Amino acid sequence: MEQFSPEYLKRTLLIFAMKMRHRLTYEAAEDMVKLLGAFTNESIPEATKYFWKKTLKAFSQGLSIHHVCGNCMNYIGLFNGNCYNSDDESETDDNELCVTCSSCRVRVTEKESLTAGNFFVYHSLGQQIKNLIEVNGEKCDYRETRKKINPFAFEDIYDGHLFRKLVPPDMLSVNFSVDGVPVFDGSNYNMYPLTCTLNDLEPKKRGEHVMLCGIWCGMKLDTQSISAFFNPFVRESQELFKNGIKVNLNGVIQVKKSPSCVRYQ
Ligand SMILES: [Zn+2]
């Protein structure tokens, strides 16, 4: 991922917040920045639609929007020809993509699903681990490099019998957790972040590099909706377990086996 200065990112985030809050076009946002520049005698050359789109693209890598059926909470998946749990995909008279839920047969369009909030955001676990290694330069070798103090004590997750049995030394492993928090006091609207930490980083760094893999916003998760929410995470984990992650280190492509998930809270 391209590196952006913290100053640039802070400024760009504020401009995006203003753009969204007031539903400004890119042209209006550019004019707003130019106007500010006229007052402060400072021009910001990178405050243009081109740079903003480039920034958005860099931070949108691996992000996807997944839909669920609002009627039965069945997982539908991605629109645009990638609906995993629908056997019928067509277009409405307004050229909108429309799918039929394979469970309750209700038809739903992407626009309706977005308006009703029947979706969640998923951020690729593989892409985030790849970034940790390629961009942050993390070696992910703590399992080999750590110094054990007491041979009889459980000092880290690696000391567990089941961990040693299930996770071979060349395999990365992650802890994942999901916990709901009400967004407003007394409201039924909840937010559930799905977060992961990589066990192959030293303990201090695990907390510094918490990976946000998914966000569910809406009603409380129940058995059906939690299964929909976990769908892309489970599928990607299986794919990574089978094929590993390809990382480019100084031009050398390596395959890291990953991940084995070891805990659910
Ligand atoms: Zn349904």
# chains A, B, ... in the order shown; residues from 1 in each chain; ligands from 1
$ residues_around --residues "Thr197 of chain A" --least-positions-apart "4" --cutoff "7 Å" --atoms "only C-alpha atoms" --output "list in words"
Val174, Asn175, Phe176, Arg206, His209, Val210 and Met211 of chain A
$ write_last_selection --atoms "N, CA and C atoms" --output "tab-separated table (two decimals), in the first residue's frame"
chain	number	residue	atom	x	y	z
A	174	VAL	N	-4.47	-16.91	14.22
A	174	VAL	CA	-5.10	-15.68	14.71
A	174	VAL	C	-6.09	-15.99	15.83
A	175	ASN	N	-6.24	-15.01	16.70
A	175	ASN	CA	-7.34	-15.02	17.67
A	175	ASN	C	-8.42	-14.14	17.10
A	176	PHE	N	-9.64	-14.55	17.19
A	176	PHE	CA	-10.69	-13.63	16.74
A	176	PHE	C	-11.76	-13.50	17.80
A	206	ARG	N	0.73	-7.33	19.12
A	206	ARG	CA	-0.60	-7.89	18.81
A	206	ARG	C	-1.67	-6.82	19.06
A	209	HIS	N	-1.62	-4.01	16.40
A	209	HIS	CA	-2.09	-4.37	15.05
A	209	HIS	C	-3.36	-5.21	15.09
A	210	VAL	N	-4.35	-4.69	15.78
A	210	VAL	CA	-5.64	-5.40	15.80
A	210	VAL	C	-6.29	-5.22	14.41
A	211	MET	N	-6.68	-6.33	13.80
A	211	MET	CA	-7.25	-6.25	12.45
A	211	MET	C	-8.77	-6.27	12.54
$ residues_near_ligand --ligand "ligand 1" --cutoff "8 Å" --atoms "only C-alpha atoms and all ligand atoms" --output "PyMOL selection string"
chain A and resi 68-74+100-106
$ write_last_selection --atoms "N, CA and C atoms" --output "PDB file, in the first residue's frame"
ATOM      1  N   VAL A  68     -27.523  -9.512   3.478  1.00  0.00           N
ATOM      2  CA  VAL A  68     -28.291 -10.603   4.092  1.00  0.00           C
ATOM      3  C   VAL A  68     -29.763 -10.365   3.754  1.00  0.00           C
ATOM      4  N   CYS A  69     -30.542 -11.426   3.797  1.00  0.00           N
ATOM      5  CA  CYS A  69     -31.968 -11.294   3.513  1.00  0.00           C
ATOM      6  C   CYS A  69     -32.641 -10.631   4.722  1.00  0.00           C
ATOM      7  N   GLY A  70     -33.347  -9.518   4.490  1.00  0.00           N
ATOM      8  CA  GLY A  70     -33.993  -8.803   5.591  1.00  0.00           C
ATOM      9  C   GLY A  70     -35.147  -9.591   6.185  1.00  0.00           C
ATOM     10  N   ASN A  71     -35.654 -10.565   5.435  1.00  0.00           N
ATOM     11  CA  ASN A  71     -36.815 -11.338   5.892  1.00  0.00           C
ATOM     12  C   ASN A  71     -36.410 -12.498   6.798  1.00  0.00           C
ATOM     13  N   CYS A  72     -35.359 -13.243   6.399  1.00  0.00           N
ATOM     14  CA  CYS A  72     -35.026 -14.440   7.185  1.00  0.00           C
ATOM     15  C   CYS A  72     -33.564 -14.454   7.661  1.00  0.00           C
ATOM     16  N   MET A  73     -32.813 -13.380   7.356  1.00  0.00           N
ATOM     17  CA  MET A  73     -31.402 -13.260   7.766  1.00  0.00           C
ATOM     18  C   MET A  73     -30.492 -14.312   7.122  1.00  0.00           C
ATOM     19  N   ASN A  74     -30.934 -14.841   6.022  1.00  0.00           N
ATOM     20  CA  ASN A  74     -30.091 -15.776   5.272  1.00  0.00           C
ATOM     21  C   ASN A  74     -28.972 -14.972   4.600  1.00  0.00           C
ATOM     22  N   THR A 100     -33.094 -13.504  -5.538  1.00  0.00           N
ATOM     23  CA  THR A 100     -34.116 -14.183  -4.740  1.00  0.00           C
ATOM     24  C   THR A 100     -33.421 -14.929  -3.612  1.00  0.00           C
ATOM     25  N   CYS A 101     -33.869 -14.722  -2.393  1.00  0.00           N
ATOM     26  CA  CYS A 101     -33.274 -15.430  -1.258  1.00  0.00           C
ATOM     27  C   CYS A 101     -33.539 -16.932  -1.417  1.00  0.00           C
ATOM     28  N   SER A 102     -32.485 -17.714  -1.316  1.00  0.00           N
ATOM     29  CA  SER A 102     -32.647 -19.150  -1.548  1.00  0.00           C
ATOM     30  C   SER A 102     -33.417 -19.829  -0.417  1.00  0.00           C
ATOM     31  N   SER A 103     -33.579 -19.126   0.708  1.00  0.00           N
ATOM     32  CA  SER A 103     -34.264 -19.738   1.834  1.00  0.00           C
ATOM     33  C   SER A 103     -35.759 -19.398   1.857  1.00  0.00           C
ATOM     34  N   CYS A 104     -36.087 -18.082   1.794  1.00  0.00           N
ATOM     35  CA  CYS A 104     -37.501 -17.706   1.931  1.00  0.00           C
ATOM     36  C   CYS A 104     -38.115 -17.212   0.623  1.00  0.00           C
ATOM     37  N   ARG A 105     -37.342 -17.168  -0.456  1.00  0.00           N
ATOM     38  CA  ARG A 105     -37.780 -16.804  -1.811  1.00  0.00           C
ATOM     39  C   ARG A 105     -38.224 -15.335  -1.928  1.00  0.00           C
ATOM     40  N   VAL A 106     -37.857 -14.475  -0.988  1.00  0.00           N
ATOM     41  CA  VAL A 106     -38.166 -13.048  -1.117  1.00  0.00           C
ATOM     42  C   VAL A 106     -37.186 -12.440  -2.109  1.00  0.00           C
TER      43      VAL A 106
END
$ select_by_dssp --residues "segment 5-253 of chain A" --states "helix (DSSP H, G or I)" --output "PyMOL selection string"
chain A and resi 6-21+26-40+49-60+110-116+125-134+142-145+157-159+161-166+203-208+223-243
$ atom_distance --atom1 "atom CA of Leu35 of chain A" --atom2 "atom CA of Trp52 of chain A"
17.7 Å
$ select_by_dssp --residues "segment 50-256 of chain A" --states "strand (DSSP E or B)" --output "PyMOL selection string"
chain A and resi 63-68+75-77+83+89-91+97-100+107-109+119-123+171-178+181-182+190-198+211-218+245-249+252-256
$ write_last_selection --atoms "C-alpha atoms" --output "mmCIF file, in the first residue's frame"
data_model
loop_
_atom_site.group_PDB
_atom_site.id
_atom_site.type_symbol
_atom_site.label_atom_id
_atom_site.label_comp_id
_atom_site.auth_asym_id
_atom_site.auth_seq_id
_atom_site.Cartn_x
_atom_site.Cartn_y
_atom_site.Cartn_z
ATOM 1 C CA LEU A 63 -13.195 -4.147 1.559
ATOM 2 C CA SER A 64 -16.530 -5.569 0.449
ATOM 3 C CA ILE A 65 -20.211 -5.129 1.256
ATOM 4 C CA HIS A 66 -22.149 -8.333 1.952
ATOM 5 C CA HIS A 67 -25.918 -8.568 1.970
ATOM 6 C CA VAL A 68 -28.291 -10.603 4.092
ATOM 7 C CA TYR A 75 -26.663 -14.838 3.857
ATOM 8 C CA ILE A 76 -27.015 -13.515 0.297
ATOM 9 C CA GLY A 77 -23.479 -12.295 -0.393
ATOM 10 C CA CYS A 83 -24.322 -13.801 -4.860
ATOM 11 C CA GLU A 89 -30.278 -13.274 -10.278
ATOM 12 C CA SER A 90 -31.983 -10.855 -12.657
ATOM 13 C CA GLU A 91 -32.502 -7.167 -13.367
ATOM 14 C CA LEU A 97 -29.696 -6.199 -9.931
ATOM 15 C CA CYS A 98 -32.281 -8.298 -8.128
ATOM 16 C CA VAL A 99 -31.827 -11.620 -6.313
ATOM 17 C CA THR A 100 -34.116 -14.183 -4.740
ATOM 18 C CA ARG A 107 -36.801 -10.914 -3.958
ATOM 19 C CA VAL A 108 -34.441 -8.094 -3.031
ATOM 20 C CA THR A 109 -32.501 -5.411 -4.930
ATOM 21 C CA PHE A 119 -25.713 -5.594 4.930
ATOM 22 C CA PHE A 120 -22.381 -5.668 6.706
ATOM 23 C CA VAL A 121 -18.850 -4.678 5.781
ATOM 24 C CA TYR A 122 -16.076 -7.244 5.486
ATOM 25 C CA HIS A 123 -12.358 -6.451 5.337
ATOM 26 C CA MET A 171 1.478 -21.832 10.133
ATOM 27 C CA LEU A 172 0.263 -18.396 11.197
ATOM 28 C CA SER A 173 -2.590 -18.303 13.665
ATOM 29 C CA VAL A 174 -5.098 -15.683 14.707
ATOM 30 C CA ASN A 175 -7.335 -15.020 17.674
ATOM 31 C CA PHE A 176 -10.688 -13.629 16.742
ATOM 32 C CA SER A 177 -13.472 -12.130 18.774
ATOM 33 C CA VAL A 178 -16.821 -10.477 18.267
ATOM 34 C CA VAL A 181 -22.087 -2.776 21.863
ATOM 35 C CA PRO A 182 -25.279 -0.671 21.765
ATOM 36 C CA ASN A 190 -26.057 -2.559 17.983
ATOM 37 C CA MET A 191 -22.633 -2.633 16.486
ATOM 38 C CA TYR A 192 -20.531 -5.803 16.386
ATOM 39 C CA PRO A 193 -16.911 -5.501 15.289
ATOM 40 C CA LEU A 194 -15.179 -8.744 14.294
ATOM 41 C CA THR A 195 -11.535 -8.303 15.235
ATOM 42 C CA CYS A 196 -8.457 -10.501 14.886
ATOM 43 C CA THR A 197 -4.978 -10.455 16.350
ATOM 44 C CA LEU A 198 -2.052 -12.361 14.949
ATOM 45 C CA MET A 211 -7.252 -6.254 12.453
ATOM 46 C CA LEU A 212 -10.848 -5.191 11.926
ATOM 47 C CA CYS A 213 -12.345 -7.860 9.659
ATOM 48 C CA GLY A 214 -16.028 -7.067 9.795
ATOM 49 C CA ILE A 215 -18.621 -4.671 11.164
ATOM 50 C CA TRP A 216 -22.239 -5.577 11.720
ATOM 51 C CA CYS A 217 -24.601 -2.690 12.505
ATOM 52 C CA GLY A 218 -28.237 -3.299 13.318
ATOM 53 C CA ILE A 245 -0.882 -15.966 1.620
ATOM 54 C CA LYS A 246 1.504 -14.811 -1.074
ATOM 55 C CA VAL A 247 3.720 -11.989 0.178
ATOM 56 C CA ASN A 248 6.240 -9.980 -1.799
ATOM 57 C CA LEU A 249 9.372 -9.274 0.240
ATOM 58 C CA VAL A 252 10.798 -12.430 -3.459
ATOM 59 C CA ILE A 253 7.376 -14.049 -3.387
ATOM 60 C CA GLN A 254 6.859 -16.261 -0.347
ATOM 61 C CA VAL A 255 3.835 -18.264 0.643
ATOM 62 C CA LYS A 256 2.837 -18.071 4.276
#
$ closest_residue --among "A:Thr223, A:Lys111, A:Asn41, A:Ser124" --to "Ser60 of chain A" --atoms "only C-alpha atoms"
A:Ser124
$ closest_residue --among "A:Gly186, A:Gly137, A:Gly180, A:Pro203" --to "Ile226 of chain A" --atoms "only C-alpha atoms"
A:Gly180
$ residues_around --residues "segment 157-159 of chain A" --least-positions-apart "3" --cutoff "8 Å" --atoms "only C-alpha atoms" --output "mmCIF file with N, CA and C atoms, in the first residue's frame"
data_model
loop_
_atom_site.group_PDB
_atom_site.id
_atom_site.type_symbol
_atom_site.label_atom_id
_atom_site.label_comp_id
_atom_site.auth_asym_id
_atom_site.auth_seq_id
_atom_site.Cartn_x
_atom_site.Cartn_y
_atom_site.Cartn_z
ATOM 1 N N ARG A 143 6.939 -16.957 17.296
ATOM 2 C CA ARG A 143 6.878 -18.327 17.813
ATOM 3 C C ARG A 143 8.296 -18.926 17.876
ATOM 4 N N ALA A 153 5.738 -23.314 32.681
ATOM 5 C CA ALA A 153 4.633 -22.348 32.795
ATOM 6 C C ALA A 153 3.965 -22.101 31.435
ATOM 7 N N PHE A 154 2.683 -21.728 31.490
ATOM 8 C CA PHE A 154 1.973 -21.319 30.274
ATOM 9 C C PHE A 154 2.227 -19.823 30.105
ATOM 10 N N PHE A 163 -2.898 -26.172 21.046
ATOM 11 C CA PHE A 163 -2.273 -25.288 20.049
ATOM 12 C C PHE A 163 -1.134 -26.013 19.345
ATOM 13 N N ARG A 164 -0.279 -26.641 20.150
ATOM 14 C CA ARG A 164 0.880 -27.341 19.563
ATOM 15 C C ARG A 164 0.423 -28.496 18.672
ATOM 16 N N ASN A 199 -1.201 -14.148 16.350
ATOM 17 C CA ASN A 199 -0.381 -14.703 17.441
ATOM 18 C C ASN A 199 1.114 -14.707 17.118
#
$ residues_around --residues "segment 146-148 of chain A" --least-positions-apart "6" --cutoff "9 Å" --atoms "only C-alpha atoms" --output "number ranges by chain"
A: 155-156, 202
$ closest_residue --among "A:Ser237, A:Asn118, A:Asn136, A:Asn250" --to "Met219 of chain A" --atoms "only C-alpha atoms"
A:Asn118
$ decode --residues "segment 108-217 of chain A" --atoms "C-alpha atoms" --output "compact mmCIF listing (two decimals), in the first residue's frame"
# COMPACT_ATOMS: atom_id res chain seq x y z
CA VAL A 108 -34.44 -8.09 -3.03
CA THR A 109 -32.50 -5.41 -4.93
CA GLU A 110 -29.14 -4.01 -3.91
CA LYS A 111 -30.64 -0.54 -3.39
CA GLU A 112 -33.42 -1.86 -1.12
CA SER A 113 -30.92 -3.90 0.85
CA LEU A 114 -28.64 -0.89 1.37
CA THR A 115 -31.54 1.39 2.33
CA ALA A 116 -32.89 -1.13 4.84
CA GLY A 117 -29.42 -1.68 6.32
CA ASN A 118 -29.43 -5.40 5.53
CA PHE A 119 -25.71 -5.59 4.93
CA PHE A 120 -22.38 -5.67 6.71
CA VAL A 121 -18.85 -4.68 5.78
CA TYR A 122 -16.08 -7.24 5.49
CA HIS A 123 -12.36 -6.45 5.34
CA SER A 124 -10.18 -9.23 3.99
CA LEU A 125 -8.10 -10.94 6.68
CA GLY A 126 -5.55 -12.12 4.10
CA GLN A 127 -5.08 -8.60 2.74
CA GLN A 128 -4.53 -7.23 6.25
CA ILE A 129 -1.95 -9.89 7.15
CA LYS A 130 -0.24 -9.25 3.79
CA ASN A 131 -0.09 -5.51 4.59
CA LEU A 132 1.35 -6.25 8.04
CA ILE A 133 4.19 -8.20 6.47
CA GLU A 134 4.82 -6.16 3.31
CA VAL A 135 4.06 -2.60 4.48
CA ASN A 136 4.73 -2.72 8.23
CA GLY A 137 7.66 -5.10 7.82
CA GLU A 138 6.46 -7.48 10.54
CA LYS A 139 8.35 -10.76 10.38
CA CYS A 140 5.65 -12.78 12.14
CA ASP A 141 8.26 -15.12 13.64
CA TYR A 142 7.64 -14.64 17.36
CA ARG A 143 6.88 -18.33 17.81
CA GLU A 144 10.51 -19.13 16.88
CA THR A 145 12.22 -16.07 18.37
CA ARG A 146 10.50 -15.75 21.77
CA LYS A 147 12.46 -16.62 24.88
CA LYS A 148 10.65 -18.95 27.22
CA ILE A 149 11.41 -18.18 30.87
CA ASN A 150 9.92 -21.10 32.76
CA PRO A 151 9.71 -24.41 30.86
CA PHE A 152 6.73 -25.53 32.97
CA ALA A 153 4.63 -22.35 32.79
CA PHE A 154 1.97 -21.32 30.27
CA GLU A 155 3.55 -18.07 29.12
CA ASP A 156 1.89 -17.72 25.76
CA ILE A 157 -0.70 -19.38 23.60
CA TYR A 158 2.05 -21.53 22.04
CA ASP A 159 2.42 -23.44 25.31
CA GLY A 160 -1.05 -24.93 25.09
CA HIS A 161 -1.27 -28.63 24.30
CA LEU A 162 -4.05 -28.18 21.74
CA PHE A 163 -2.27 -25.29 20.05
CA ARG A 164 0.88 -27.34 19.56
CA LYS A 165 -1.18 -30.24 18.31
CA LEU A 166 -3.31 -28.24 15.85
CA VAL A 167 -1.01 -25.48 14.60
CA PRO A 168 2.20 -26.60 12.87
CA PRO A 169 5.28 -24.33 13.30
CA ASP A 170 5.08 -22.95 9.74
CA MET A 171 1.48 -21.83 10.13
CA LEU A 172 0.26 -18.40 11.20
CA SER A 173 -2.59 -18.30 13.67
CA VAL A 174 -5.10 -15.68 14.71
CA ASN A 175 -7.34 -15.02 17.67
CA PHE A 176 -10.69 -13.63 16.74
CA SER A 177 -13.47 -12.13 18.77
CA VAL A 178 -16.82 -10.48 18.27
CA ASP A 179 -18.66 -8.51 20.89
CA GLY A 180 -21.71 -6.28 20.54
CA VAL A 181 -22.09 -2.78 21.86
CA PRO A 182 -25.28 -0.67 21.77
CA VAL A 183 -24.71 2.41 19.62
CA PHE A 184 -27.17 4.57 21.59
CA ASP A 185 -28.41 4.18 25.16
CA GLY A 186 -31.67 2.28 25.30
CA SER A 187 -31.69 1.53 21.59
CA ASN A 188 -31.91 -1.82 19.83
CA TYR A 189 -29.31 -0.70 17.34
CA ASN A 190 -26.06 -2.56 17.98
CA MET A 191 -22.63 -2.63 16.49
CA TYR A 192 -20.53 -5.80 16.39
CA PRO A 193 -16.91 -5.50 15.29
CA LEU A 194 -15.18 -8.74 14.29
CA THR A 195 -11.54 -8.30 15.24
CA CYS A 196 -8.46 -10.50 14.89
CA THR A 197 -4.98 -10.46 16.35
CA LEU A 198 -2.05 -12.36 14.95
CA ASN A 199 -0.38 -14.70 17.44
CA ASP A 200 2.85 -14.63 15.45
CA LEU A 201 3.58 -11.06 16.58
CA GLU A 202 5.15 -10.35 19.95
CA PRO A 203 2.46 -9.67 22.62
CA LYS A 204 2.89 -5.87 22.62
CA LYS A 205 2.51 -5.69 18.84
CA ARG A 206 -0.60 -7.89 18.81
CA GLY A 207 -2.45 -5.03 20.50
CA GLU A 208 -0.96 -2.46 18.13
CA HIS A 209 -2.09 -4.37 15.05
CA VAL A 210 -5.64 -5.40 15.80
CA MET A 211 -7.25 -6.25 12.45
CA LEU A 212 -10.85 -5.19 11.93
CA CYS A 213 -12.35 -7.86 9.66
CA GLY A 214 -16.03 -7.07 9.80
CA ILE A 215 -18.62 -4.67 11.16
CA TRP A 216 -22.24 -5.58 11.72
CA CYS A 217 -24.60 -2.69 12.50
